[in-house]
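Trainee: Provided below: structure25.cif, containing mmCIF, C-alpha atoms and all ligand atoms.
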data_run
loop_
_atom_site.label_atom_id
_atom_site.label_comp_id
_atom_site.auth_asym_id
_atom_site.auth_seq_id
_atom_site.Cartn_x
_atom_site.Cartn_y
_atom_site.Cartn_z
CA MET A 1 -1.25 74.35 109.02
CA LYS A 2 1.97 75.51 107.45
CA GLU A 3 3.22 73.02 104.96
CA LYS A 4 6.54 71.40 105.74
CA LYS A 5 9.25 72.46 103.34
CA PRO A 6 11.22 69.70 101.63
CA VAL A 7 14.58 69.01 103.27
CA VAL A 8 17.81 69.73 101.40
CA LEU A 9 21.28 68.62 102.38
CA SER A 10 24.61 69.14 100.69
CA GLY A 11 28.24 69.25 101.72
CA MET A 12 31.63 70.39 100.51
CA ARG A 13 35.06 69.29 101.52
CA PRO A 14 36.98 72.04 103.35
CA THR A 15 39.09 73.36 100.49
CA GLY A 16 39.74 76.82 101.92
CA LYS A 17 38.89 79.91 99.91
CA LEU A 18 36.53 79.19 97.02
CA HIS A 19 37.05 80.14 93.37
CA ILE A 20 34.54 81.75 91.01
CA GLY A 21 33.45 78.35 89.67
CA HIS A 22 32.26 77.32 93.13
CA LEU A 23 30.37 80.58 93.57
CA GLU A 24 28.67 80.67 90.18
CA GLY A 25 27.94 76.94 90.25
CA VAL A 26 27.28 75.36 93.63
CA LEU A 27 26.64 78.46 95.75
CA ASN A 28 24.17 80.06 93.33
CA GLU A 29 22.18 76.86 93.55
CA TRP A 30 22.34 76.77 97.35
CA VAL A 31 21.25 80.39 97.68
CA GLU A 32 18.27 79.67 95.44
CA LEU A 33 17.22 76.53 97.34
CA GLN A 34 17.38 78.42 100.60
CA LYS A 35 14.27 80.35 99.56
CA SER A 36 11.98 77.35 99.27
CA HIS A 37 13.58 74.48 101.20
CA GLU A 38 14.70 73.53 104.68
CA CYS A 39 18.43 73.62 103.99
CA ASN A 40 21.37 71.92 105.68
CA PHE A 41 24.84 72.76 104.39
CA PHE A 42 27.92 71.24 105.93
CA VAL A 43 31.68 71.00 105.85
CA ALA A 44 32.57 67.42 104.97
CA ASP A 45 35.78 67.26 106.99
CA TYR A 46 35.72 63.51 107.54
CA HIS A 47 35.31 63.07 103.79
CA ALA A 48 38.39 65.23 103.28
CA ILE A 49 40.61 62.95 105.34
CA THR A 50 39.65 59.90 103.31
CA THR A 51 42.06 61.16 100.65
CA ASN A 52 44.36 63.50 102.59
CA GLN A 53 45.34 62.74 106.16
CA ASP A 54 47.27 65.95 106.69
CA THR A 55 44.88 67.80 108.98
CA ARG A 56 47.07 70.77 109.90
CA GLU A 57 45.15 73.26 107.76
CA ILE A 58 41.70 71.73 108.06
CA LYS A 59 40.30 74.15 110.66
CA GLN A 60 41.51 77.26 108.86
CA ASP A 61 40.29 75.88 105.54
CA THR A 62 36.88 75.34 107.14
CA PHE A 63 36.69 78.92 108.43
CA ASP A 64 37.84 80.31 105.08
CA MET A 65 35.30 78.28 103.14
CA VAL A 66 32.35 79.01 105.40
CA LYS A 67 33.22 82.73 105.34
CA ASP A 68 32.75 82.50 101.58
CA TRP A 69 29.43 80.73 102.00
CA VAL A 70 28.07 83.32 104.40
CA ALA A 71 29.45 86.32 102.52
CA TYR A 72 27.92 84.99 99.31
CA GLY A 73 24.48 84.73 100.85
CA ILE A 74 24.12 81.41 102.63
CA ASP A 75 22.23 82.87 105.54
CA PRO A 76 22.66 81.18 108.95
CA GLU A 77 19.18 82.48 109.85
CA LYS A 78 17.68 80.48 107.01
CA SER A 79 20.01 77.53 106.56
CA ASN A 80 21.58 75.15 109.01
CA ILE A 81 25.36 75.34 108.61
CA PHE A 82 27.56 72.85 110.44
CA VAL A 83 30.67 70.66 110.48
CA GLN A 84 30.36 66.92 109.90
CA SER A 85 32.80 65.91 112.63
CA MET A 86 30.98 68.06 115.19
CA VAL A 87 27.87 65.89 114.81
CA PRO A 88 28.83 62.40 116.05
CA GLN A 89 25.47 60.95 115.01
CA HIS A 90 26.72 60.94 111.40
CA SER A 91 29.50 58.55 112.40
CA ASN A 92 27.18 56.41 114.45
CA LEU A 93 24.78 55.99 111.54
CA HIS A 94 27.70 55.31 109.23
CA LEU A 95 28.68 52.40 111.47
CA ILE A 96 25.19 50.93 111.42
CA PHE A 97 24.78 51.36 107.66
CA SER A 98 28.17 49.77 107.04
CA MET A 99 26.64 46.47 108.15
CA LEU A 100 24.00 46.71 105.41
CA VAL A 101 26.41 46.99 102.48
CA ASN A 102 28.52 44.29 100.90
CA LEU A 103 32.10 44.83 99.79
CA GLY A 104 31.42 44.08 96.13
CA ARG A 105 28.90 46.90 95.89
CA LEU A 106 31.39 49.42 97.26
CA GLU A 107 34.13 48.22 94.94
CA ARG A 108 31.88 48.63 91.91
CA LEU A 109 31.08 52.30 92.54
CA PRO A 110 32.45 54.37 89.65
CA THR A 111 33.88 57.05 91.95
CA PHE A 112 35.97 54.40 93.66
CA ASN A 113 37.29 53.12 90.36
CA GLU A 114 38.02 56.60 89.04
CA TYR A 115 40.11 57.30 92.08
CA LEU A 116 41.87 53.95 91.84
CA LYS A 117 42.95 54.80 88.32
CA GLU A 118 44.60 57.94 89.68
CA ILE A 119 46.58 56.24 92.41
CA VAL A 120 47.23 52.75 91.04
CA GLN A 121 49.36 53.08 87.92
CA VAL A 122 49.64 49.54 86.71
CA ASP A 123 48.31 47.81 83.63
CA GLU A 124 44.64 47.16 84.23
CA LYS A 125 44.87 43.79 82.57
CA ASP A 126 47.28 42.62 85.22
CA VAL A 127 44.40 41.89 87.56
CA LYS A 128 46.48 40.37 90.32
CA ARG A 129 48.91 43.32 90.49
CA VAL A 130 46.04 45.82 90.48
CA ASP A 131 44.42 43.95 93.30
CA GLU A 132 47.62 43.95 95.37
CA GLU A 133 48.27 47.64 94.77
CA LYS A 134 44.71 48.46 95.65
CA ARG A 135 44.89 46.59 98.90
CA ALA A 136 48.13 48.35 99.76
CA LYS A 137 46.99 51.88 98.93
CA VAL A 138 43.29 52.18 99.62
CA SER A 139 42.17 52.70 103.18
CA TYR A 140 39.16 51.04 104.71
CA GLY A 141 37.73 54.51 105.34
CA PHE A 142 38.10 55.55 101.74
CA LEU A 143 36.34 52.48 100.41
CA GLY A 144 33.47 53.10 102.81
CA TYR A 145 33.07 56.83 102.35
CA PRO A 146 29.90 56.59 100.25
CA ILE A 147 28.34 54.96 103.33
CA LEU A 148 29.28 58.02 105.34
CA GLN A 149 27.68 60.15 102.66
CA ALA A 150 24.51 58.05 102.91
CA ALA A 151 24.55 58.62 106.67
CA ASP A 152 24.97 62.39 106.13
CA ILE A 153 21.93 62.40 103.88
CA LEU A 154 19.59 60.01 105.67
CA ALA A 155 20.29 61.43 109.15
CA TYR A 156 18.18 64.45 108.10
CA LYS A 157 15.57 62.41 106.22
CA THR A 158 16.64 64.47 103.26
CA ASP A 159 14.35 64.83 100.24
CA VAL A 160 16.66 66.64 97.85
CA VAL A 161 20.44 66.48 97.43
CA PRO A 162 21.98 69.09 95.10
CA VAL A 163 25.13 67.52 93.64
CA GLY A 164 27.36 67.39 90.62
CA GLU A 165 27.00 64.65 88.06
CA ASP A 166 29.94 62.65 89.45
CA GLN A 167 28.01 62.18 92.69
CA LEU A 168 24.89 60.61 91.16
CA PRO A 169 26.01 57.02 91.88
CA HIS A 170 26.34 57.96 95.55
CA ILE A 171 22.76 59.16 95.71
CA GLU A 172 21.55 55.97 94.07
CA PHE A 173 23.63 54.05 96.60
CA THR A 174 22.06 56.08 99.42
CA ARG A 175 18.61 55.12 98.17
CA GLU A 176 19.63 51.47 98.23
CA ILE A 177 20.72 51.75 101.84
CA ALA A 178 17.46 53.51 102.75
CA ARG A 179 15.43 50.74 101.08
CA LYS A 180 17.49 48.07 102.75
CA PHE A 181 17.02 49.62 106.18
CA ASN A 182 13.31 50.24 105.66
CA GLY A 183 12.85 46.64 104.51
CA LEU A 184 14.77 45.07 107.36
CA TYR A 185 13.62 47.16 110.31
CA GLY A 186 10.62 49.23 109.24
CA GLU A 187 9.79 52.33 107.21
CA LEU A 188 11.86 55.26 108.37
CA PHE A 189 13.79 56.91 105.57
CA PRO A 190 12.33 58.74 102.58
CA LEU A 191 14.25 58.03 99.37
CA PRO A 192 16.28 61.15 98.53
CA GLU A 193 16.37 62.60 95.03
CA ALA A 194 19.51 64.03 93.46
CA LYS A 195 19.22 67.50 92.00
CA LEU A 196 21.63 68.41 89.25
CA GLY A 197 22.37 72.13 89.08
CA HIS A 198 22.84 74.18 85.94
CA ALA A 199 26.34 75.32 86.71
CA PRO A 200 27.90 77.40 83.94
CA ARG A 201 31.10 76.02 82.47
CA ILE A 202 34.00 77.84 84.10
CA LEU A 203 37.45 76.56 83.22
CA GLY A 204 40.80 77.48 84.71
CA THR A 205 43.09 80.01 83.02
CA ASP A 206 45.00 77.13 81.39
CA GLY A 207 41.86 75.59 79.90
CA ARG A 208 41.77 72.71 82.39
CA LYS A 209 39.27 72.21 85.20
CA MET A 210 39.58 75.11 87.66
CA SER A 211 41.35 73.80 90.74
CA LYS A 212 43.76 74.93 93.44
CA SER A 213 46.10 72.06 92.60
CA TYR A 214 46.52 73.34 89.02
CA ASP A 215 47.18 76.93 90.12
CA ASN A 216 44.72 78.17 87.48
CA GLU A 217 42.03 79.69 89.68
CA ILE A 218 40.28 83.01 89.44
CA SER A 219 39.22 84.18 92.89
CA PRO A 220 36.36 86.50 93.82
CA LEU A 221 38.91 88.17 96.11
CA ASP A 222 41.33 88.99 93.26
CA ASP A 223 42.01 92.70 92.77
CA LEU A 224 41.80 94.35 89.35
CA GLY A 225 45.49 93.84 88.67
CA ALA A 226 45.34 90.14 89.39
CA LEU A 227 42.22 89.79 87.25
CA GLN A 228 43.97 91.56 84.36
CA THR A 229 46.98 89.26 84.57
CA LYS A 230 44.86 86.14 84.84
CA THR A 231 42.37 86.92 82.08
CA LYS A 232 45.22 87.94 79.79
CA LYS A 233 46.80 84.51 80.01
CA MET A 234 43.54 82.64 79.54
CA VAL A 235 43.34 80.05 76.80
CA SER A 236 40.79 81.17 74.16
CA ASP A 237 39.57 79.41 70.99
CA SER A 238 42.75 77.51 70.15
CA THR A 239 41.80 77.03 66.49
CA ARG A 240 41.74 80.78 65.87
CA LYS A 241 45.12 81.73 64.39
CA SER A 242 44.71 85.48 63.93
CA LEU A 243 42.42 88.42 64.43
CA SER A 244 41.33 88.33 60.80
CA GLU A 245 39.83 84.86 61.24
CA PRO A 246 36.44 84.46 62.87
CA GLY A 247 36.51 82.80 66.30
CA HIS A 248 34.30 80.15 67.85
CA PRO A 249 32.86 81.54 71.09
CA TYR A 250 31.28 78.24 72.10
CA GLU A 251 34.73 76.67 72.13
CA CYS A 252 36.26 79.46 74.12
CA SER A 253 36.53 79.65 77.89
CA VAL A 254 36.84 83.44 77.73
CA PHE A 255 33.39 83.54 76.17
CA ASP A 256 32.05 81.33 78.97
CA LEU A 257 33.03 84.13 81.37
CA GLN A 258 31.52 86.82 79.12
CA GLU A 259 28.18 85.03 79.44
CA VAL A 260 28.45 84.71 83.21
CA TYR A 261 29.49 88.29 83.92
CA ASP A 262 27.54 90.16 81.24
CA LEU A 263 24.94 88.08 79.44
CA GLU A 264 23.60 91.05 77.49
CA GLY A 265 27.06 92.23 76.39
CA SER A 266 28.06 88.70 75.44
CA LYS A 267 25.69 88.83 72.48
CA GLN A 268 27.75 91.66 70.98
CA VAL A 269 30.95 89.77 71.76
CA TYR A 270 29.50 86.73 70.01
CA SER A 271 28.71 88.60 66.82
CA ASP A 272 31.97 90.60 66.81
CA CYS A 273 34.03 87.47 67.41
CA THR A 274 32.34 85.40 64.71
CA THR A 275 32.71 88.21 62.19
CA ALA A 276 36.36 88.81 63.09
CA LYS A 277 35.74 92.33 64.38
CA LEU A 278 36.98 91.58 67.87
CA GLY A 279 40.42 90.28 68.78
CA CYS A 280 41.00 87.98 71.74
CA GLY A 281 43.15 90.49 73.59
CA ASP A 282 40.44 93.16 73.50
CA CYS A 283 37.81 90.59 74.33
CA LYS A 284 39.71 89.51 77.45
CA GLY A 285 40.16 93.15 78.36
CA LEU A 286 36.41 93.50 78.84
CA LEU A 287 36.36 91.02 81.70
CA PRO A 288 38.41 92.23 84.70
CA GLN A 289 36.24 95.23 85.53
CA LYS A 290 33.03 93.21 85.23
CA ILE A 291 34.31 90.38 87.41
CA PHE A 292 35.68 92.82 89.97
CA GLU A 293 32.40 94.71 90.24
CA LYS A 294 30.27 91.62 90.56
CA TYR A 295 32.01 90.62 93.78
CA GLY A 296 32.22 94.07 95.38
CA GLU A 297 29.53 93.38 97.92
CA PHE A 298 30.86 89.88 98.53
CA ARG A 299 34.35 91.17 99.30
CA GLU A 300 33.02 93.74 101.71
CA LYS A 301 30.90 91.24 103.59
CA ARG A 302 33.73 88.73 103.69
CA GLU A 303 36.18 91.31 105.04
CA SER A 304 33.84 91.96 107.95
CA LEU A 305 33.62 88.32 109.01
CA ARG A 306 35.97 87.03 111.71
CA ASP A 307 36.87 83.40 112.42
CA GLN A 308 35.01 83.86 115.70
CA ASP A 309 31.77 84.78 113.87
CA ILE A 310 32.06 81.64 111.80
CA LEU A 311 32.79 79.50 114.83
CA GLU A 312 29.57 80.75 116.43
CA VAL A 313 27.58 79.85 113.34
CA LEU A 314 29.14 76.39 113.22
CA VAL A 315 28.60 75.65 116.90
CA GLU A 316 24.98 76.69 116.75
CA GLY A 317 24.43 74.73 113.54
CA SER A 318 26.14 71.64 114.85
CA LEU A 319 23.98 71.70 117.99
CA LYS A 320 20.88 71.96 115.86
CA SER A 321 22.16 69.07 113.75
CA GLN A 322 22.75 67.00 116.85
CA ARG A 323 19.10 67.46 117.78
CA ILE A 324 17.79 66.52 114.34
CA THR A 325 20.09 63.55 113.82
CA GLY A 326 19.82 62.44 117.46
CA GLU A 327 16.10 62.06 116.87
CA THR A 328 16.72 59.99 113.73
CA LEU A 329 19.26 57.83 115.53
CA SER A 330 16.80 57.13 118.37
CA GLN A 331 14.23 56.03 115.81
CA VAL A 332 16.80 53.81 114.13
CA LYS A 333 17.68 52.13 117.40
CA GLU A 334 14.07 51.71 118.35
CA LEU A 335 13.30 50.00 115.04
CA MET A 336 16.35 47.79 115.51
CA LEU A 337 15.16 46.91 119.02
CA MET A 338 18.44 48.25 120.33
CA ASP A 339 16.93 51.01 122.40
CA TYR A 340 18.23 49.73 125.73
CA ILE A 341 17.06 52.71 127.66
CA ARG A 342 13.51 53.55 126.65
CA LYS A 343 12.29 57.06 127.13
N1 LIG B 401 31.06 63.50 98.63
C1 LIG B 401 30.95 64.92 98.35
C2 LIG B 401 32.23 65.36 97.71
O1 LIG B 401 33.23 64.72 97.86
C3 LIG B 401 30.69 65.73 99.58
C4 LIG B 401 29.58 65.19 100.38
C5 LIG B 401 29.72 64.45 101.49
C6 LIG B 401 28.19 65.34 100.14
N2 LIG B 401 28.50 64.13 101.99
C7 LIG B 401 27.55 64.64 101.17
C8 LIG B 401 27.44 65.97 99.16
C9 LIG B 401 26.17 64.55 101.24
C10 LIG B 401 26.07 65.87 99.22
C11 LIG B 401 25.43 65.17 100.26
O2 LIG B 401 32.23 66.40 97.09
FE1 LIG B 402 37.10 83.87 72.57
FE2 LIG B 402 36.70 86.46 72.71
FE3 LIG B 402 38.69 85.46 71.20
FE4 LIG B 402 36.16 85.15 70.47
S1 LIG B 402 37.26 87.09 70.66
S2 LIG B 402 37.75 83.57 70.49
S3 LIG B 402 35.13 84.93 72.45
S4 LIG B 402 38.52 85.35 73.42
#
Produce structure tokens that represent the structure in this file.
Mentor:
Amino acid sequence: MKEKKPVVLSGMRPTGKLHIGHLEGVLNEWVELQKSHECNFFVADYHAITTNQDTREIKQDTFDMVKDWVAYGIDPEKSNIFVQSMVPQHSNLHLIFSMLVNLGRLERLPTFNEYLKEIVQVDEKDVKRVDEEKRAKVSYGFLGYPILQAADILAYKTDVVPVGEDQLPHIEFTREIARKFNGLYGELFPLPEAKLGHAPRILGTDGRKMSKSYDNEISPLDDLGALQTKTKKMVSDSTRKSLSEPGHPYECSVFDLQEVYDLEGSKQVYSDCTTAKLGCGDCKGLLPQKIFEKYGEFREKRESLRDQDILEVLVEGSLKSQRITGETLSQVKELMLMDYIRK
């Protein structure tokens, strides 16, 4: 008998067109996993509205993002691609799991506290004020979103969840919910494992994290001119004062890109930089052509994809997801003795 492949699930919020950091980090990992695992990749649109309730662009952002997935090599023939909100079983499981979690546990999750720090700007020692602000600004849905994530994962009886480091507490939390359910009602859920990728470090042109909100992105759709402008303004080794001084490639985000786009050539760059033979301007000048060429095939494929093609992929995927998660939900209800209508 053919051995069952381990199940993978991962999701991204619908951010619209992706930048090169997404492609070289997350998507490389997904494309690789597709070869050996049963993969489910989804658009986490309900997760997106936990922090931003403006939904006017959400559909277009979804199409734009999934076009990038497919053009980059996430193959709808191999992987199940769907939208979270099109699979109501996720929400149903979220509701059930929300009864198994206490408030204190949710409030202690580091992701929750990180976010609080961003939106509640009061002295942390003033505990009462912080508490009031928190209650005023944080929605019920936001507090509970790790439960929705647990539902996303467990609905597919997922074995492996590729995520970034910041998401590790959520996977641990998901395992707790699985154990709790299994203990209360009977063994159903395998305990998922997190899988950390080896994403290369790709910073924005200003040296901060690459992000749309900082306007520092490099896009795989950029033309040569745009790439020249953007690489030119990149922050390099900030301790290097002049060409005659040696530079420090490992503290330089231009060098990070040299390694990604031409690993072989980056060895020469390394030695020329550290011996002060190469200036930063010339070094940056090597990049645009290499970046542009790497995404030639991607751009072509992406150009050929219409919103309608993506919609078809998402409808088919969401139907498949409804079958998989519908089965899980039936088992959940049976174990809970809440299967009113028995098959
Ligand atoms: N929480 C993740 C994020 O904000 C996205 C996400 C939602 C996810 N559900 C998931 C990732 C399940 C992995 C598995 O980026
Ligand atoms: Fe960075 Fe290149 Fe300048 Fe060296 S020469 S510091 S690698 S930009």
Trainee: Quick check, in Å to one decimal: how far apart do atom CA of A:Met234 and atom CA of A:Thr205 lie?
Mentor: 4.4 Å
Trainee: Pick the closest to A:Gln84 from A:Ile341, A:Met336, A:Ile49, A:Cys273: which is it, counting all atoms listed in the file?
Mentor: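 Among the listed residues, A:Ile49 lies closest to A:Gln84.
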Trainee: One decimal, in Å: what's the spacing between atom CA of A:Val313 and atom CA of A:Pro162?
Mentor: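 Separation between atom CA of A:Val313 and atom CA of A:Pro162: 21.9 Å.
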Trainee: Name the residues in contact with A:Thr275 at a cut-off of 12 Å, using all atoms listed in the file, excluding same-chain residues fewer than 3 positions from it; report them as a CSV table (one decimal) with C-alpha atoms, in the coordinates of the input.
Mentor:
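So out_38.csv came out as:
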chain,number,residue,atom,x,y,z
A,243,LEU,CA,42.4,88.4,64.4
A,244,SER,CA,41.3,88.3,60.8
A,245,GLU,CA,39.8,84.9,61.2
A,246,PRO,CA,36.4,84.5,62.9
A,247,GLY,CA,36.5,82.8,66.3
A,248,HIS,CA,34.3,80.2,67.8
A,249,PRO,CA,32.9,81.5,71.1
A,268,GLN,CA,27.8,91.7,71.0
A,269,VAL,CA,31.0,89.8,71.8
A,270,TYR,CA,29.5,86.7,70.0
A,271,SER,CA,28.7,88.6,66.8
A,272,ASP,CA,32.0,90.6,66.8
A,278,LEU,CA,37.0,91.6,67.9
A,279,GLY,CA,40.4,90.3,68.8
Trainee: Figure out the distance between atom CA of A:Asn40 and atom CA of A:Met86, please, to one decimal in Å.
Mentor: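 According to the coordinates, atom CA of A:Met86 and atom CA of A:Asn40 are separated by 14.1 Å.
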Trainee: Which residue out of A:Lys290, A:Lys209, A:His94, A:Lys233 has the minimum interatomic distance to ligand LIG 402 (chain B) when all atoms listed in the file are used?
Mentor: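 Of A:Lys290, A:Lys209, A:His94, A:Lys233, the one nearest ligand LIG 402 (chain B) is A:Lys233, counting all atoms listed in the file.
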Trainee: Skip A:Lys5 itself and residues of its chain fewer than 4 positions away, then list as a list in words all residues within 12 Å of it, counting all atoms listed in the file.
Mentor: Leu33, Gln34, Lys35, Ser36, His37, Glu38, Cys39, Thr158, Asp159 and Val160 of chain A
Trainee: Could you please give me, as a list in words, the residues of protein, DNA or RNA lying at most 12 Å from (18.1, 68.6, 86.4) in the coordinate frame of the file, considering all atoms listed in the file?
Mentor: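 Using all atoms listed in the file, the matching residues come out as Glu29, Val160, Val161, Pro162, Val163, Gly164, Glu165, Leu168, Glu193, Ala194, Lys195, Leu196, Gly197, His198 and Ala199 of chain A.
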Trainee: Which one of A:Thr274, A:Thr231, A:Thr174, A:Ser253 sits closest to A:Arg208 if you count all atoms listed in the file?
Mentor: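 Closest to A:Arg208 of all the choices is A:Ser253.
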Trainee: For A:Lys232, please output as a count of residues only all residues within 9 Å (counting only C-alpha atoms; exclusion window: fewer than 2 positions along the same chain).
Mentor: 10
Trainee: Of the candidates A:Val8, A:Ile58, A:Met210, A:Leu319, which one gets nearest to A:Ile20 if we count only C-alpha atoms?
Mentor: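 That would be A:Met210, the residue with the smallest distance to A:Ile20.
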Trainee: Name each residue within 6 Å of ligand LIG 401 (chain B), counting all atoms listed in the file, as a list in words.
Mentor: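 Within the 6 Å cut-off, the matching residues are Leu9, Ser10, Gly11, Met12, Arg13, Ala44, Gln149, Asp152, Ile153, Val161 and Val163 of chain A.
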Trainee: Between A:His47, A:Arg175, A:Lys333, A:Arg201, which is the closest to A:Leu143 once you count all atoms listed in the file?
Mentor: A:His47
Trainee: For stretch 65-82 of chain A, supply N, CA, C and O atoms and format the output as a PDB file, in the frame of the given file.
Mentor:
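Result went into out11.pdb, see below:
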ATOM      1  N   MET A  65      36.360  78.682 104.061  1.00  0.00           N
ATOM      2  CA  MET A  65      35.300  78.280 103.140  1.00  0.00           C
ATOM      3  C   MET A  65      33.934  78.766 103.618  1.00  0.00           C
ATOM      4  O   MET A  65      33.134  79.277 102.830  1.00  0.00           O
ATOM      5  N   VAL A  66      33.674  78.619 104.905  1.00  0.00           N
ATOM      6  CA  VAL A  66      32.350  79.010 105.400  1.00  0.00           C
ATOM      7  C   VAL A  66      32.191  80.537 105.379  1.00  0.00           C
ATOM      8  O   VAL A  66      31.087  81.048 105.176  1.00  0.00           O
ATOM      9  N   LYS A  67      33.294  81.266 105.536  1.00  0.00           N
ATOM     10  CA  LYS A  67      33.220  82.730 105.340  1.00  0.00           C
ATOM     11  C   LYS A  67      32.689  83.030 103.943  1.00  0.00           C
ATOM     12  O   LYS A  67      31.844  83.902 103.752  1.00  0.00           O
ATOM     13  N   ASP A  68      33.211  82.304 102.961  1.00  0.00           N
ATOM     14  CA  ASP A  68      32.750  82.500 101.580  1.00  0.00           C
ATOM     15  C   ASP A  68      31.270  82.175 101.456  1.00  0.00           C
ATOM     16  O   ASP A  68      30.527  82.904 100.807  1.00  0.00           O
ATOM     17  N   TRP A  69      30.849  81.091 102.061  1.00  0.00           N
ATOM     18  CA  TRP A  69      29.430  80.730 102.000  1.00  0.00           C
ATOM     19  C   TRP A  69      28.555  81.878 102.521  1.00  0.00           C
ATOM     20  O   TRP A  69      27.607  82.308 101.866  1.00  0.00           O
ATOM     21  N   VAL A  70      28.919  82.323 103.726  1.00  0.00           N
ATOM     22  CA  VAL A  70      28.070  83.320 104.400  1.00  0.00           C
ATOM     23  C   VAL A  70      28.112  84.647 103.659  1.00  0.00           C
ATOM     24  O   VAL A  70      27.085  85.285 103.426  1.00  0.00           O
ATOM     25  N   ALA A  71      29.327  85.048 103.236  1.00  0.00           N
ATOM     26  CA  ALA A  71      29.450  86.320 102.520  1.00  0.00           C
ATOM     27  C   ALA A  71      28.687  86.275 101.200  1.00  0.00           C
ATOM     28  O   ALA A  71      28.175  87.279 100.730  1.00  0.00           O
ATOM     29  N   TYR A  72      28.590  85.104 100.602  1.00  0.00           N
ATOM     30  CA  TYR A  72      27.920  84.990  99.310  1.00  0.00           C
ATOM     31  C   TYR A  72      26.405  84.921  99.451  1.00  0.00           C
ATOM     32  O   TYR A  72      25.671  85.028  98.472  1.00  0.00           O
ATOM     33  N   GLY A  73      25.933  84.695 100.672  1.00  0.00           N
ATOM     34  CA  GLY A  73      24.480  84.730 100.850  1.00  0.00           C
ATOM     35  C   GLY A  73      23.861  83.486 101.456  1.00  0.00           C
ATOM     36  O   GLY A  73      22.639  83.382 101.540  1.00  0.00           O
ATOM     37  N   ILE A  74      24.673  82.516 101.855  1.00  0.00           N
ATOM     38  CA  ILE A  74      24.120  81.410 102.630  1.00  0.00           C
ATOM     39  C   ILE A  74      23.887  81.982 104.024  1.00  0.00           C
ATOM     40  O   ILE A  74      24.829  82.333 104.727  1.00  0.00           O
ATOM     41  N   ASP A  75      22.623  82.097 104.376  1.00  0.00           N
ATOM     42  CA  ASP A  75      22.230  82.870 105.540  1.00  0.00           C
ATOM     43  C   ASP A  75      21.996  81.928 106.736  1.00  0.00           C
ATOM     44  O   ASP A  75      21.081  81.106 106.705  1.00  0.00           O
ATOM     45  N   PRO A  76      22.808  82.073 107.788  1.00  0.00           N
ATOM     46  CA  PRO A  76      22.660  81.180 108.950  1.00  0.00           C
ATOM     47  C   PRO A  76      21.278  81.284 109.609  1.00  0.00           C
ATOM     48  O   PRO A  76      20.891  80.383 110.350  1.00  0.00           O
ATOM     49  N   GLU A  77      20.550  82.366 109.313  1.00  0.00           N
ATOM     50  CA  GLU A  77      19.180  82.480 109.850  1.00  0.00           C
ATOM     51  C   GLU A  77      18.224  81.566 109.082  1.00  0.00           C
ATOM     52  O   GLU A  77      17.175  81.183 109.572  1.00  0.00           O
ATOM     53  N   LYS A  78      18.569  81.294 107.840  1.00  0.00           N
ATOM     54  CA  LYS A  78      17.680  80.480 107.010  1.00  0.00           C
ATOM     55  C   LYS A  78      18.161  79.047 106.887  1.00  0.00           C
ATOM     56  O   LYS A  78      17.359  78.120 106.818  1.00  0.00           O
ATOM     57  N   SER A  79      19.474  78.866 106.801  1.00  0.00           N
ATOM     58  CA  SER A  79      20.010  77.530 106.560  1.00  0.00           C
ATOM     59  C   SER A  79      20.808  77.051 107.762  1.00  0.00           C
ATOM     60  O   SER A  79      21.428  77.844 108.464  1.00  0.00           O
ATOM     61  N   ASN A  80      20.785  75.748 107.955  1.00  0.00           N
ATOM     62  CA  ASN A  80      21.580  75.150 109.010  1.00  0.00           C
ATOM     63  C   ASN A  80      22.983  74.854 108.471  1.00  0.00           C
ATOM     64  O   ASN A  80      23.135  74.106 107.506  1.00  0.00           O
ATOM     65  N   ILE A  81      23.988  75.466 109.098  1.00  0.00           N
ATOM     66  CA  ILE A  81      25.360  75.340 108.610  1.00  0.00           C
ATOM     67  C   ILE A  81      26.194  74.669 109.707  1.00  0.00           C
ATOM     68  O   ILE A  81      26.221  75.141 110.845  1.00  0.00           O
ATOM     69  N   PHE A  82      26.851  73.577 109.381  1.00  0.00           N
ATOM     70  CA  PHE A  82      27.560  72.850 110.440  1.00  0.00           C
ATOM     71  C   PHE A  82      28.766  72.080 109.903  1.00  0.00           C
ATOM     72  O   PHE A  82      29.015  72.045 108.702  1.00  0.00           O
TER      73      PHE A  82
END
